[in-house]
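What follows is one structure encoded as structure tokens, with my remarks underneath.
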Amino acid sequence: MTYLSEDTIAAISTPPGRSGIGIVRLSGPAAREIAHRIFRPKTEGADLSPRRATFGEIRDPDTGDLVDEAVVTFFPGPHSYTGEDVVELSCHGSPVVLRRVLDLALEHGARAAGPGEFTLRAFLNGRIDLVQAEAIRDLIEAQTVTQARAALRQMQGNLSRRLRPIRQSLVDAIIQMETAVEFVEDDVLTESRSSLMARLDGAIAELEAIAAQYTAGRIVREGIHIAIVGKPNVGKSSLFNRLLSRERAIVTEIPGTTRDMLIETASIEGIPVHLVDTAGLREASDRVECLGIERSREAIADADLVLVVLDGSQPLDEDDRMVLEATCSVPRLLALNKHDLPEGLDPEAIQALQETAPLCRVSALTGQGLDELRRQILEIITSGSAFQPEDVILTNARHHRLIIAARDAIVQARRALKEGYSEEVALVGLHDALRCLGEITGEVTIEDILNQIFSTFCIGK
Ligand SMILES: Nc1nc2c(ncn2[C@@H]2O[C@H](COP(=O)(O)OP(=O)(O)OP(=O)(O)O)[C@@H](O)[C@H]2O)c(=O)[nH]1
Ligand SMILES: [Mg+2]
């Protein structure tokens with residue numbers, strides 16, 4: 001598929017702000033011509049030869065003003081990022097210079113690119129499918145190495161490759177059934193009904209296997225929220241700082257130090273963990289403190305996991321019991337903090353606590369027990385399963401929704417066949433499934449089927 005865009009787009013492709021190098025990118029039929037107008041190679045007679053870096057000057061062709069010195073690379077279509085002619089002008093990374101170069105490109109025939117438009121063109125030109133386009137966005141936005149790797153795997157087409165045989169299998173099933181509908185008298189379907197069922201079962205099983213990965217995939221992509229809660233002064237903010245490895249929150253010996261919620265992201269084994277430090281829970285009369293406590297309760301409700309902090313050097317009191325009560329119905333992990341001090345809880349109390357949730361002894365002051373705490377957090381968020389972030393290919397909610405919809409449609413088609421409904425009913429389901437899978441990668445499915453039907457079957461009428 002080739003999408004012929006008439007206009008040439010231009011944008012600054014590097015982030016706003018100052019840097020060593022900044023890039024203005026052009027894509028479209030006039031990319032090279034525009035570059036020629038505003039850029040002169042330093043070497044006499046040099047030209048923008050494909051995929052070669054050329055050093056020279058960018059000047060305003062109307063006034064002759066020198067704007068910057070730049071290294072320019074020309075990537076002729078179709079073997080470029082967008083599939084069109086692309087020119088990259090690597091300038092000095094000053095926002096003023098880059099804006100000026102972009103303006104020159106716009107004055108000489110380019111149009112300002114919309115968000116994602118380079119990648120959109122790559123998709124329209126068949127350079128990448130939708131999964132890969134989304135993966136490029138995820139890769140750029142990745143906050144941990146694991147996220148970046150998952151995005152990279154998708155960018156290289158791992159999910160699309162895994163879906164391809166399923167789509168093919170559905171297309172085969174549809175062709176088999178369409179033929180049966182055409183030649184009712186031939187009774188084609190009865191013969192091959194069992195092979196058809198086996199095909200559908202295989203597709204259902206494979207889609208379920210991919211969908212099952214989504215829990216891990218979502219964790220890798222979005223991370224999890226952990227609310228750190230407890231009564232005042234037990235060391236929540238100290239633990240928050242420890243897990244972040246920096247002094248982010250204010251810590252004092254005064255109970256009620258933290259008033260507002262603080263959210264920061266740490267990484268545990270490559271999984272982004274959004275930590276929420278909260279105001280200590282207690283019966284408070286101070287208005288500001290009451291508002292903070294209200295937020296702490298909201299944080300408990302919103303969290304994927306609650307880290308309940310208790311002061312291990314003191315016996316439990318009413319406030320601790322209130323905290324334990326407030327978190328009894330959410331996934332939680334108990335941290336018995338201040339383990340550097342003599343233990344103040346009796347063994348029965350600890351035993352009783354352990355029966356309600358996993359418990360970890362830590363010291364935010366010395367860092368003791370922190371590795372074990374991280375390990376336990378990881379175990380809870382991965383539900384104890386052998387979590388292999390390296391294998392994750394399904395991270396995107398849109399893909400997950402479509403895979404489930406495709407699975408459901410095949411299940412329905414299978415039921416219709418089994419219960420003896422006409423083939424047309426089952427065909428509707430299979431076409432639905434195919435459409436869902438096609439939507440994931442952005443491929444047009446009806447054409448696929450038509451092409452295949454006409455190329456592989458000699459109907460002869
Ligand atoms: N000995 C010891 N002291 C600690 C430990 N963790 C925190 N503290 C001290 O306990 C006090 C309270 O710590 P914070 O981290 O501010 O406690 P918090 O739970 O955030 O308190 P609020 O924000 O008031 O709810 C400070 O004086 C800390 O230095 C620990 O592991 N051992
Ligand atoms: Mg605090």
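Residues in the structure tokens are numbered from 1 in each chain, the chains being A, B, ... in the order shown, and ligands are numbered from 1 in the order shown.
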Shell of 8 Å around range 246-260 of chain A, only C-alpha atoms, local chain residues under 3 positions omitted, as a ChimeraX atom specification:
/A:232-233,237-238,240-242,278-280,288-289,292-293,295
Keeping N, CA and C atoms, export the residues of the selection given above as a compact mmCIF listing (two decimals), in the first residue's frame.
```
# COMPACT_ATOMS: atom_id res chain seq x y z
N PRO A 232 0.51 8.61 62.44
CA PRO A 232 1.62 9.57 62.37
C PRO A 232 2.89 9.05 63.04
N ASN A 233 4.02 9.45 62.48
CA ASN A 233 5.34 9.24 63.10
C ASN A 233 5.89 7.81 63.06
N SER A 237 7.21 8.52 55.68
CA SER A 237 7.99 9.36 54.76
C SER A 237 9.43 8.88 54.69
N SER A 238 9.95 8.37 55.81
CA SER A 238 11.33 7.86 55.80
C SER A 238 11.43 6.66 54.87
N PHE A 240 9.36 5.97 52.37
CA PHE A 240 9.12 6.52 51.02
C PHE A 240 10.45 7.00 50.44
N ASN A 241 11.19 7.79 51.24
CA ASN A 241 12.49 8.29 50.78
C ASN A 241 13.46 7.15 50.49
N ARG A 242 13.47 6.15 51.38
CA ARG A 242 14.36 5.00 51.20
C ARG A 242 14.07 4.28 49.89
N THR A 278 1.57 9.40 52.40
CA THR A 278 0.31 10.00 52.85
C THR A 278 0.43 10.59 54.25
N ALA A 279 -0.56 11.41 54.59
CA ALA A 279 -0.62 11.97 55.95
C ALA A 279 -0.99 10.86 56.92
N GLY A 280 -0.39 10.88 58.12
CA GLY A 280 -0.67 9.85 59.12
C GLY A 280 -2.14 9.85 59.52
N VAL A 288 -6.48 21.34 58.47
CA VAL A 288 -5.57 20.94 57.39
C VAL A 288 -5.25 19.45 57.51
N GLU A 289 -5.00 19.02 58.73
CA GLU A 289 -4.66 17.62 58.93
C GLU A 289 -5.84 16.72 58.53
N GLY A 292 -5.89 16.28 54.88
CA GLY A 292 -4.82 15.36 54.49
C GLY A 292 -5.24 13.92 54.73
N ILE A 293 -5.88 13.69 55.87
CA ILE A 293 -6.30 12.32 56.22
C ILE A 293 -7.36 11.82 55.25
N ARG A 295 -7.49 12.58 52.17
CA ARG A 295 -6.75 12.16 50.97
C ARG A 295 -6.07 10.82 51.17
```
Could you give me, as a count of residues only, each residue of range 46-173 of chain A that DSSP assigns to alpha helix (DSSP H) when run on this structure's backbone?
60
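The two atoms in question, atom 15 (O, counted along the ligand's line) of ligand 1 and CA of Glu348 in chain A, are spaced 26.4 Å apart.
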Top pick for closest residue to Ser267 in chain A, considering A:Arg332, A:Ile377, A:Arg199, A:Gly217 and counting only C-alpha atoms:
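Among the listed residues, the smallest separation from Ser267 in chain A belongs to A:Ile377.
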Using atom 4 (C, counted along the ligand's line) of ligand 1 and CA of Asp319 in chain A as the two end points, give the distance in Å to one decimal.
17.9 Å
DSSP strand (DSSP E or B) residues within range 267-364 of chain A, as a PyMOL selection string
chain A and resi 267-268+271-277+305-311+332-337+359-361
Between CA of Ala70 in chain A and CA of Arg18 in chain A - distance in Å to one decimal
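Going from CA of Arg18 in chain A over to CA of Ala70 in chain A, I get 15.9 Å.
Restricting the calculation to only C-alpha atoms, the smallest distance between Leu159 in chain A and any of A:Ile393, A:Ala352, A:Ala426, A:Val362 is found for A:Ile393.
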Closest of A:Ala133, A:Ile271, A:Ala303, A:Leu370 to ligand 1 - atom-to-atom distances counting only C-alpha atoms and all ligand atoms:
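The closest residue to ligand 1 is A:Leu370.
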Restricting to only C-alpha atoms, whichever of A:Ala35, A:Leu373, A:Ala406, A:Ala284 is closest to Leu243 in chain A is A:Leu373
When you count only C-alpha atoms and all ligand atoms, which of these residues is closest to ligand 1: A:Leu207, A:Val392, A:Ile166, A:Leu307?
A:Leu307
Can you pull out every residue within 12 Å of Leu130 in chain A, counting only C-alpha atoms, but drop anything in the same chain fewer than 3 positions away, and send it as a PyMOL selection string?
chain A and resi 119-127+133-137+154-157+159-160+396+398-399+437-444
Take the residues from that selection and write them out as a PDB file, in the first residue's frame, keeping C-alpha atoms.
```pdb
ATOM      1  CA  THR A 119       4.605   8.006  12.244  1.00  0.00           C
ATOM      2  CA  LEU A 120       1.130   8.251  10.719  1.00  0.00           C
ATOM      3  CA  ARG A 121       2.741   8.535   7.307  1.00  0.00           C
ATOM      4  CA  ALA A 122       4.956   5.543   8.092  1.00  0.00           C
ATOM      5  CA  PHE A 123       1.780   3.583   8.888  1.00  0.00           C
ATOM      6  CA  LEU A 124      -0.112   4.790   5.815  1.00  0.00           C
ATOM      7  CA  ASN A 125       2.835   3.871   3.650  1.00  0.00           C
ATOM      8  CA  GLY A 126       2.872   0.363   5.068  1.00  0.00           C
ATOM      9  CA  ARG A 127       6.283   0.825   6.715  1.00  0.00           C
ATOM     10  CA  ALA A 133       3.289   2.759  15.634  1.00  0.00           C
ATOM     11  CA  GLU A 134       1.929   2.547  19.168  1.00  0.00           C
ATOM     12  CA  ALA A 135       5.112   0.821  20.271  1.00  0.00           C
ATOM     13  CA  ILE A 136       7.188   3.721  18.959  1.00  0.00           C
ATOM     14  CA  ARG A 137       5.157   6.058  21.159  1.00  0.00           C
ATOM     15  CA  GLN A 154       6.357  -4.722  19.838  1.00  0.00           C
ATOM     16  CA  MET A 155       8.070  -2.311  17.505  1.00  0.00           C
ATOM     17  CA  GLN A 156       9.859  -5.224  15.926  1.00  0.00           C
ATOM     18  CA  GLY A 157       6.481  -6.781  15.280  1.00  0.00           C
ATOM     19  CA  LEU A 159       2.723  -9.182  18.656  1.00  0.00           C
ATOM     20  CA  SER A 160       1.803  -8.769  14.999  1.00  0.00           C
ATOM     21  CA  ASN A 396      -1.747  -2.031  25.557  1.00  0.00           C
ATOM     22  CA  ARG A 398      -6.676  -1.337  23.240  1.00  0.00           C
ATOM     23  CA  HIS A 399      -4.978  -4.504  22.023  1.00  0.00           C
ATOM     24  CA  LEU A 437      -7.628  -8.604  14.965  1.00  0.00           C
ATOM     25  CA  GLY A 438      -7.278  -6.412  11.912  1.00  0.00           C
ATOM     26  CA  GLU A 439      -8.007  -3.378  14.042  1.00  0.00           C
ATOM     27  CA  ILE A 440      -5.074  -4.212  16.294  1.00  0.00           C
ATOM     28  CA  THR A 441      -2.563  -4.027  13.500  1.00  0.00           C
ATOM     29  CA  GLY A 442      -4.616  -1.685  11.311  1.00  0.00           C
ATOM     30  CA  GLU A 443      -4.804  -4.119   8.432  1.00  0.00           C
ATOM     31  CA  VAL A 444      -7.754  -4.219   6.092  1.00  0.00           C
TER      32      VAL A 444
END
```
Nearest-residue call for Asp408 in chain A, choices A:Glu325, A:Glu294, A:Asp340, A:Glu208, using only C-alpha atoms:
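Using only C-alpha atoms, Asp408 in chain A sits closest to A:Glu208.
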